[in-house]
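**Q** To start, I am sharing the structure in question, which I have written as structure tokens.
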Amino acid sequence: MGPGAPSEVWRYRAELLKGPKNTVSENPDSYLGPTIRLRRGQTVKIHIHNELPEDTTVHWHGLHVPSDVDGQPRLPIRPGETMTVGFEVLDRAGLFWYHSHAHGKQGGRVGFQSYAGLAGLLIVEDEEEADLKLPSGDNELLLVLQDRTFAGNNELVYLGRGMGSMMDRMHGFLGDRVLANGAPPTTRKVATRPYRIRVLDGSNARIYKLAWSDGRPVTVIGADGGLLQEPEDRPYAVLAPAQRLDIWGDLSEFQPGDTLELISDRFRAGMMSGGMMDGMGMMGSNALPLGSRFPLARLEVSKSLKASEPLPAQLGVQRQKIPVNSNTRIRSFELSPVMMRGFAMNGRRFDGTNVADDEKVRLGDTEIWEFHNSTPMPHPMHIHGLQFNVVGRRGGNSDSLQQGLVDSGWHDTVLVMPRETVQVAMKFERFDGLYIYHCHNMEHEDAGMMRYFQVQ
Ligand code: C2O
Ligand code: CU
Ligand code: CU
């Protein structure tokens, strides 16, 4: 058992009833749910049994699935109940995840339940990706980044007390330790070869600035919705809550005994989160403010190999970008603060399945959604049921992480920086019905920065 007294941990346990053996692999040494591996085209059926003392749901984050199996707040599983969901895996290969999406009368429970352990990885594989023969097996590292705070007896602590709790809810919860796969970052013995490092930000609110300890560029090969068309070198890469990045880490030029660290580098959080308040001594509880530097994984070269796999120049997995032009409908969402009550989108907060007229879209349409952030905080905006392209951004502050925002490829979550406007293009295909869009800062989401939209 990693840190966190068992009494405080809520876990997903899985049992494979039928199917390929590697479909489910438990993570016995941590609170993380089992890693689920699916193949594109496969049909899955999952029985979800709730043994918790309260309602929960299981949301398949990033997957293109029918509204009724999307694990939304309107589909709670009551204590003691079992819900069976089935869907076909339509998405191309990529790193997805699943987590609780419960929202009760009193407010959201996503932050609490995910923090307590209700989250896990879901990997989709397909032939296109397999043809590339990217590093796999021992040469593929999966990293789930989460920050946690522990009490003296190693119990998980969620939200501060009194004023601290209010601040945590406003900024989003930041733990004072960063865990990788539910445990303190570890050293991993590696060989002189490339590794595929696939990272999920499974934190409630923390943003990571992924960088190498020796300053070498970060080679990004994939994002939320799978591989990019071609690799991209960045000085660092930004990973916001719910986002995934696929990184090519090449150690073929190293010598045995050398080490390399994947870190989250320092950045100026400024007014973004915590920083300002820390300066005023109001968030005294937080020992690891947003923008701190800390290690995520340490690679120690222990074996030298002669040959080394080259990085494919074309990742080759083609999926046409969504075509947009000046006639494409633009839907705007203004993200704004609500006094003492969190944040709103176009002045609205979560209101069950009530959908406003401008939250109805037509099945088959392509639209651009524009998020304008008029708050001093970043918001990772997530749309259910599809993958989108980032069309562009404007208005952001150039010194705040801009060089590390990976906007190419396919995404289901996009970080909208303070004062920034970001446009994303999407096509509403195949499934009609209710879906949701929300900020994936879980405390913001739980406080109501979430709305239903209807595809009809
Ligand atoms: Cu990761 Cu609405 O979810
Ligand atoms: Cu989602
Ligand atoms: Cu937010």
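In the structure tokens, each chain is lettered A, B, ... as it comes, each chain's residues begin at 1, and ligands are numbered from 1 in order of appearance.
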Dump the neighbourhood of ligand 2 as a VMD selection string: all residues within 6 Å, distances computed on only C-alpha atoms and all ligand atoms.
**A** chain A and resid 61 to 62 384
**Q** Could the residues in this selection be written to a file with C-alpha atoms, as a PDB file, in the first residue's frame?
**A**
```
ATOM      1  CA  HIS A  61     -12.960  10.493 -20.360  1.00  0.00           C
ATOM      2  CA  GLY A  62     -12.303  11.313 -24.013  1.00  0.00           C
ATOM      3  CA  HIS A 384     -17.574  15.239 -23.485  1.00  0.00           C
TER       4      HIS A 384
END
```
**Q** To check your reading of the model: which residues sit at most 7 Å from ligand 3 when counting only C-alpha atoms and all ligand atoms? Write the answer as number ranges by chain.
**A** A: 378-380, 439-441, 444-445, 449
**Q** Kindly indicate which residue among A:Met450, A:Ile46, A:Ala191, A:Val218 lies nearest to Gln255 of chain A, using only C-alpha atoms for the distances.
**A**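 Of all the options, A:Ala191 lies closest to Gln255 of chain A.
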**Q** Output the neighbourhood of ligand 1 as a short mmCIF file (atom, residue, chain, number, x, y, z; two decimals) with all heavy atoms, in the first residue's frame, that is, all protein and nucleic acid residues with some atom at most 8 Å from the ligand, counting only C-alpha atoms and all ligand atoms.
**A**
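Writing done, so here's selection00.cif:
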```cif
data_model
loop_
_atom_site.label_atom_id
_atom_site.label_comp_id
_atom_site.auth_asym_id
_atom_site.auth_seq_id
_atom_site.Cartn_x
_atom_site.Cartn_y
_atom_site.Cartn_z
N HIS A 59 -17.13 7.72 -15.68
CA HIS A 59 -17.08 8.44 -16.96
C HIS A 59 -15.83 8.01 -17.73
O HIS A 59 -14.75 7.94 -17.16
CB HIS A 59 -17.05 9.95 -16.69
CG HIS A 59 -16.68 10.76 -17.89
ND1 HIS A 59 -17.39 10.71 -19.07
CD2 HIS A 59 -15.68 11.65 -18.10
CE1 HIS A 59 -16.84 11.53 -19.95
NE2 HIS A 59 -15.79 12.11 -19.39
N TRP A 60 -15.99 7.71 -19.02
CA TRP A 60 -14.88 7.29 -19.88
C TRP A 60 -14.37 8.53 -20.56
O TRP A 60 -14.84 8.93 -21.63
CB TRP A 60 -15.36 6.23 -20.87
CG TRP A 60 -16.26 5.23 -20.20
CD1 TRP A 60 -17.62 5.19 -20.26
CD2 TRP A 60 -15.87 4.18 -19.30
NE1 TRP A 60 -18.10 4.18 -19.46
CE2 TRP A 60 -17.05 3.55 -18.86
CE3 TRP A 60 -14.63 3.73 -18.84
CZ2 TRP A 60 -17.03 2.47 -17.98
CZ3 TRP A 60 -14.62 2.66 -17.95
CH2 TRP A 60 -15.80 2.05 -17.53
N HIS A 61 -13.40 9.17 -19.93
CA HIS A 61 -12.96 10.49 -20.36
C HIS A 61 -12.29 10.45 -21.73
O HIS A 61 -11.27 9.80 -21.90
CB HIS A 61 -12.01 11.09 -19.32
CG HIS A 61 -11.51 12.45 -19.68
ND1 HIS A 61 -11.78 13.58 -18.94
CD2 HIS A 61 -10.79 12.88 -20.73
CE1 HIS A 61 -11.24 14.62 -19.52
NE2 HIS A 61 -10.62 14.22 -20.61
N GLY A 62 -12.90 11.18 -22.68
CA GLY A 62 -12.30 11.31 -24.01
C GLY A 62 -12.88 10.37 -25.04
O GLY A 62 -12.70 10.57 -26.24
N GLN A 72 -22.39 10.29 -16.92
CA GLN A 72 -22.65 11.68 -16.52
C GLN A 72 -23.38 11.76 -15.18
O GLN A 72 -23.95 10.78 -14.73
CB GLN A 72 -23.52 12.35 -17.60
CG GLN A 72 -22.86 12.36 -18.96
CD GLN A 72 -23.85 12.66 -20.07
OE1 GLN A 72 -25.02 12.95 -19.81
NE2 GLN A 72 -23.38 12.56 -21.31
N TRP A 97 -8.80 7.93 -19.97
CA TRP A 97 -8.88 7.54 -18.56
C TRP A 97 -10.34 7.51 -18.13
O TRP A 97 -11.23 7.89 -18.90
CB TRP A 97 -8.01 8.42 -17.67
CG TRP A 97 -8.30 9.89 -17.56
CD1 TRP A 97 -8.41 10.79 -18.58
CD2 TRP A 97 -8.48 10.65 -16.36
NE1 TRP A 97 -8.64 12.05 -18.08
CE2 TRP A 97 -8.69 12.00 -16.72
CE3 TRP A 97 -8.48 10.32 -15.00
CZ2 TRP A 97 -8.89 13.01 -15.77
CZ3 TRP A 97 -8.67 11.33 -14.06
CH2 TRP A 97 -8.88 12.66 -14.46
N TYR A 98 -10.55 7.00 -16.96
CA TYR A 98 -11.91 6.95 -16.44
C TYR A 98 -11.88 7.45 -15.01
O TYR A 98 -10.88 7.32 -14.30
CB TYR A 98 -12.49 5.53 -16.54
CG TYR A 98 -11.71 4.46 -15.79
CD1 TYR A 98 -12.12 4.05 -14.52
CD2 TYR A 98 -10.58 3.88 -16.34
CE1 TYR A 98 -11.42 3.08 -13.82
CE2 TYR A 98 -9.87 2.91 -15.65
CZ TYR A 98 -10.30 2.51 -14.39
OH TYR A 98 -9.59 1.56 -13.70
N HIS A 99 -12.98 8.07 -14.62
CA HIS A 99 -13.05 8.61 -13.25
C HIS A 99 -14.50 8.86 -12.87
O HIS A 99 -15.39 8.83 -13.73
CB HIS A 99 -12.22 9.90 -13.14
CG HIS A 99 -12.66 11.01 -14.05
ND1 HIS A 99 -13.74 11.80 -13.79
CD2 HIS A 99 -12.16 11.44 -15.24
CE1 HIS A 99 -13.88 12.69 -14.76
NE2 HIS A 99 -12.94 12.50 -15.67
N HIS A 101 -17.86 10.83 -11.85
CA HIS A 101 -18.46 12.09 -12.31
C HIS A 101 -19.74 12.38 -11.53
O HIS A 101 -20.72 12.89 -12.07
CB HIS A 101 -18.76 12.00 -13.81
CG HIS A 101 -18.41 13.24 -14.56
ND1 HIS A 101 -18.89 14.48 -14.22
CD2 HIS A 101 -17.60 13.43 -15.62
CE1 HIS A 101 -18.40 15.38 -15.06
NE2 HIS A 101 -17.60 14.78 -15.93
N ALA A 242 -6.55 16.56 -16.55
CA ALA A 242 -7.27 15.68 -17.48
C ALA A 242 -6.56 15.50 -18.82
O ALA A 242 -6.94 14.64 -19.61
CB ALA A 242 -8.70 16.14 -17.73
N HIS A 382 -13.10 21.14 -20.88
CA HIS A 382 -13.29 19.78 -21.40
C HIS A 382 -14.68 19.63 -22.00
O HIS A 382 -15.65 20.13 -21.44
CB HIS A 382 -13.09 18.78 -20.26
CG HIS A 382 -13.47 17.37 -20.58
ND1 HIS A 382 -13.03 16.72 -21.71
CD2 HIS A 382 -14.24 16.48 -19.92
CE1 HIS A 382 -13.52 15.49 -21.72
NE2 HIS A 382 -14.26 15.32 -20.65
N ILE A 383 -14.76 18.96 -23.15
CA ILE A 383 -16.05 18.70 -23.78
C ILE A 383 -16.20 17.18 -23.89
O ILE A 383 -15.28 16.49 -24.34
CB ILE A 383 -16.12 19.36 -25.17
CG1 ILE A 383 -15.85 20.86 -25.05
CG2 ILE A 383 -17.49 19.10 -25.82
CD1 ILE A 383 -15.64 21.56 -26.36
N HIS A 384 -17.34 16.69 -23.48
CA HIS A 384 -17.57 15.24 -23.48
C HIS A 384 -17.89 14.70 -24.87
O HIS A 384 -18.49 15.38 -25.70
CB HIS A 384 -18.77 14.90 -22.59
CG HIS A 384 -18.41 14.77 -21.15
ND1 HIS A 384 -18.94 13.79 -20.34
CD2 HIS A 384 -17.57 15.48 -20.37
CE1 HIS A 384 -18.45 13.92 -19.12
NE2 HIS A 384 -17.63 14.94 -19.11
N ILE A 436 -21.89 16.86 -21.64
CA ILE A 436 -21.54 18.02 -20.82
C ILE A 436 -20.23 18.66 -21.24
O ILE A 436 -19.40 18.04 -21.89
CB ILE A 436 -21.52 17.70 -19.30
CG1 ILE A 436 -20.71 16.45 -19.00
CG2 ILE A 436 -22.88 17.54 -18.74
CD1 ILE A 436 -20.78 16.05 -17.53
N TYR A 437 -20.10 19.90 -20.91
CA TYR A 437 -18.83 20.62 -21.06
C TYR A 437 -18.54 21.29 -19.73
O TYR A 437 -19.48 21.73 -19.05
CB TYR A 437 -18.88 21.62 -22.22
CG TYR A 437 -19.86 22.76 -22.08
CD1 TYR A 437 -19.43 24.04 -21.77
CD2 TYR A 437 -21.23 22.55 -22.26
CE1 TYR A 437 -20.32 25.10 -21.65
CE2 TYR A 437 -22.13 23.60 -22.13
CZ TYR A 437 -21.67 24.88 -21.82
OH TYR A 437 -22.57 25.91 -21.69
N HIS A 438 -17.28 21.31 -19.35
CA HIS A 438 -16.97 21.86 -18.03
C HIS A 438 -15.50 22.16 -17.88
O HIS A 438 -14.67 21.72 -18.69
CB HIS A 438 -17.42 20.88 -16.93
CG HIS A 438 -16.78 19.52 -16.97
ND1 HIS A 438 -15.59 19.24 -16.32
CD2 HIS A 438 -17.15 18.35 -17.56
CE1 HIS A 438 -15.28 17.96 -16.51
NE2 HIS A 438 -16.21 17.40 -17.26
N HIS A 440 -12.16 21.32 -16.06
CA HIS A 440 -11.68 20.09 -15.44
C HIS A 440 -10.83 20.34 -14.20
O HIS A 440 -10.22 19.43 -13.66
CB HIS A 440 -10.97 19.19 -16.43
CG HIS A 440 -11.28 17.74 -16.24
ND1 HIS A 440 -10.90 17.04 -15.11
CD2 HIS A 440 -11.96 16.86 -17.01
CE1 HIS A 440 -11.32 15.78 -15.22
NE2 HIS A 440 -11.97 15.65 -16.36
#
```
**Q** Using DSSP on the backbone, list every residue of segment 146-358 of chain A that comes out as strand (DSSP E or B), and give them as an NGL selection string.
**A** :A and (146-150 or 156-157 or 177-180 or 183 or 187-191 or 194-201 or 208-212 or 218-223 or 226-234 or 237-239 or 244-250 or 259-264 or 294-303 or 329-338 or 342-345 or 348 or 351 or 353)
**Q** Compare A:Val301, A:Leu228, A:Leu315, A:Ile322 by their minimum atom-to-atom distance to Asp131 of chain A, counting only C-alpha atoms, and give me the closest one.
**A**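 Among the listed residues, A:Leu315 lies closest to Asp131 of chain A.
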**Q** Here is a test: counting only C-alpha atoms, which residue of A:Pro235, A:Gly107, A:Pro194, A:Gly316 is nearest to Arg341 of chain A?
**A**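 Ranking A:Pro235, A:Gly107, A:Pro194, A:Gly316 by distance to Arg341 of chain A, first place goes to A:Gly107.
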**Q** Might you pull out every residue within 8 Å of Gly202 of chain A, with only C-alpha atoms counted and same-chain residues fewer than 5 positions away left off, and present them as a short mmCIF file (atom, residue, chain, number, x, y, z; two decimals) with N, CA and C atoms, in the first residue's frame?
**A**
```cif
data_model
loop_
_atom_site.label_atom_id
_atom_site.label_comp_id
_atom_site.auth_asym_id
_atom_site.auth_seq_id
_atom_site.Cartn_x
_atom_site.Cartn_y
_atom_site.Cartn_z
N ALA A 119 -10.07 6.74 -10.08
CA ALA A 119 -9.57 7.13 -11.40
C ALA A 119 -8.62 6.05 -11.89
N VAL A 144 0.83 8.52 -14.17
CA VAL A 144 -0.33 9.28 -13.75
C VAL A 144 0.13 10.26 -12.67
N LEU A 145 0.04 11.55 -12.97
CA LEU A 145 0.51 12.56 -12.02
C LEU A 145 -0.65 13.08 -11.19
N GLN A 146 -0.48 13.03 -9.89
CA GLN A 146 -1.51 13.53 -8.97
C GLN A 146 -0.83 14.10 -7.74
N PRO A 241 -4.92 19.60 -15.91
CA PRO A 241 -5.78 18.54 -15.42
C PRO A 241 -6.58 17.88 -16.54
N ALA A 242 -6.55 16.56 -16.55
CA ALA A 242 -7.27 15.68 -17.48
C ALA A 242 -6.56 15.50 -18.82
N GLN A 243 -5.53 16.31 -19.10
CA GLN A 243 -4.84 16.17 -20.38
C GLN A 243 -3.82 15.04 -20.35
#
```
**Q** With a distance cut-off of 7 Å and only C-alpha atoms, select the neighbouring residues of Arg39 of chain A, excluding the residue or stretch itself and same-chain residues fewer than 4 positions from it, and output the selection as a ChimeraX atom specification.
**A** /A:89,124-126
**Q** At a cut-off of 6 Å, using only C-alpha atoms, what residues contact segment 414-427 of chain A? Leave out same-chain residues fewer than 5 positions from it and give the result as a list in words.
**A** Asp365, Thr366, Glu367, Ile368, Trp369, Glu370, Phe371, His372, Asn373, Ser374, Thr375, Pro376, Met377, Pro378, His379, Pro380, Met381, Phe388, Asn389, Val390, Val391, Gly392, Arg393, Arg394, Gly395 and Gly396 of chain A
**Q** Among segment 128-279 of chain A, which ones does DSSP place in alpha helix (DSSP H), written as a short mmCIF file (atom, residue, chain, number, x, y, z; two decimals) with C-alpha atoms, in the first residue's frame?
**A**
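The result, stored in states_14.cif:
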```cif
data_model
loop_
_atom_site.label_atom_id
_atom_site.label_comp_id
_atom_site.auth_asym_id
_atom_site.auth_seq_id
_atom_site.Cartn_x
_atom_site.Cartn_y
_atom_site.Cartn_z
CA GLU A 128 -2.34 2.05 -37.45
CA GLU A 129 -0.44 2.73 -34.27
CA ALA A 130 0.85 -0.82 -33.95
CA ASP A 131 2.37 -0.52 -37.44
CA MET A 163 -10.76 29.73 5.16
CA GLY A 164 -8.32 27.22 3.71
CA SER A 165 -11.17 25.13 2.35
CA MET A 166 -12.69 28.18 0.72
CA MET A 167 -9.40 29.03 -0.92
CA ASP A 168 -8.92 25.42 -2.05
CA ARG A 169 -12.31 25.45 -3.67
CA MET A 170 -11.67 28.73 -5.41
CA HIS A 171 -8.22 27.83 -6.78
CA GLY A 275 0.67 32.40 -5.96
CA MET A 276 -0.94 35.70 -5.22
CA MET A 277 -2.62 34.41 -2.13
CA ASP A 278 0.56 32.77 -0.91
CA GLY A 279 2.26 36.11 -1.13
#
```
**Q** Sort by chain and increasing residue number a table of all residues of segment 289-373 of chain A within 10 Å of segment 178-184 of chain A, each with its closest pair of atoms and their distance in Å to one decimal, counting only C-alpha atoms, and write it as CSV.
**A**
```
residue,atom,partner,partner_atom,distance
A:Phe294,CA,A:Val178,CA,8.0
A:Pro295,CA,A:Val178,CA,8.5
A:Leu296,CA,A:Ala180,CA,6.5
A:Ala297,CA,A:Ala180,CA,7.7
```
**Q** Using only C-alpha atoms, which residue out of A:Gln314, A:Gly291, A:Gly94, A:Tyr236 lies closest to Gln402 of chain A?
**A**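 Closest candidate: A:Tyr236.
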**Q** Which polymer residues have any atom within 6 Å of an atom of Ser252 of chain A, counting only C-alpha atoms, with same-chain residues fewer than 2 positions away left out, as a compact mmCIF listing (two decimals) with N, CA and C atoms, in the first residue's frame?
**A**
```txt
# COMPACT_ATOMS: atom_id res chain seq x y z
N THR A 192 20.07 2.21 -23.00
CA THR A 192 20.37 3.29 -23.93
C THR A 192 19.51 3.14 -25.18
N ARG A 193 18.28 3.58 -25.07
CA ARG A 193 17.32 3.42 -26.14
C ARG A 193 16.18 4.43 -25.92
N ASP A 250 14.52 9.84 -25.56
CA ASP A 250 15.59 9.04 -26.17
C ASP A 250 16.85 9.08 -25.32
N PHE A 254 23.21 8.09 -24.02
CA PHE A 254 23.70 8.08 -22.64
C PHE A 254 24.68 6.93 -22.41
```
**Q** Skip Thr56 of chain A itself and residues of its chain fewer than 5 positions away, then list as a PyMOL selection string all residues within 10 Å of it, counting only C-alpha atoms.
**A** chain A and resi 48-51+71-73+75-79+99-104+109-110+113+118
**Q** Keeping C-alpha atoms, export the residues of the selection given above as an mmCIF file, in the first residue's frame.
**A**
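Wrote it out as selection07.cif, contents follow:
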```cif
data_model
loop_
_atom_site.group_PDB
_atom_site.id
_atom_site.type_symbol
_atom_site.label_atom_id
_atom_site.label_comp_id
_atom_site.auth_asym_id
_atom_site.auth_seq_id
_atom_site.Cartn_x
_atom_site.Cartn_y
_atom_site.Cartn_z
ATOM 1 C CA ILE A 48 -20.279 -1.353 -12.510
ATOM 2 C CA HIS A 49 -21.136 -2.303 -8.960
ATOM 3 C CA ASN A 50 -21.206 0.488 -6.385
ATOM 4 C CA GLU A 51 -20.060 -0.586 -2.923
ATOM 5 C CA GLY A 71 -21.185 8.212 -16.904
ATOM 6 C CA GLN A 72 -22.652 11.677 -16.520
ATOM 7 C CA PRO A 73 -24.083 13.137 -13.307
ATOM 8 C CA LEU A 75 -26.820 8.669 -14.502
ATOM 9 C CA PRO A 76 -25.909 7.956 -10.879
ATOM 10 C CA ILE A 77 -25.302 4.468 -9.579
ATOM 11 C CA ARG A 78 -26.798 4.270 -6.094
ATOM 12 C CA PRO A 79 -25.042 2.493 -3.223
ATOM 13 C CA HIS A 99 -13.050 8.612 -13.251
ATOM 14 C CA SER A 100 -16.029 9.435 -11.080
ATOM 15 C CA HIS A 101 -18.461 12.087 -12.312
ATOM 16 C CA ALA A 102 -20.911 12.143 -9.416
ATOM 17 C CA HIS A 103 -22.835 15.310 -8.688
ATOM 18 C CA GLY A 104 -25.375 15.336 -5.885
ATOM 19 C CA ARG A 109 -18.361 14.900 -5.746
ATOM 20 C CA VAL A 110 -15.879 14.503 -8.596
ATOM 21 C CA GLN A 113 -14.142 10.794 -5.223
ATOM 22 C CA LEU A 118 -11.602 6.674 -8.223
#
```
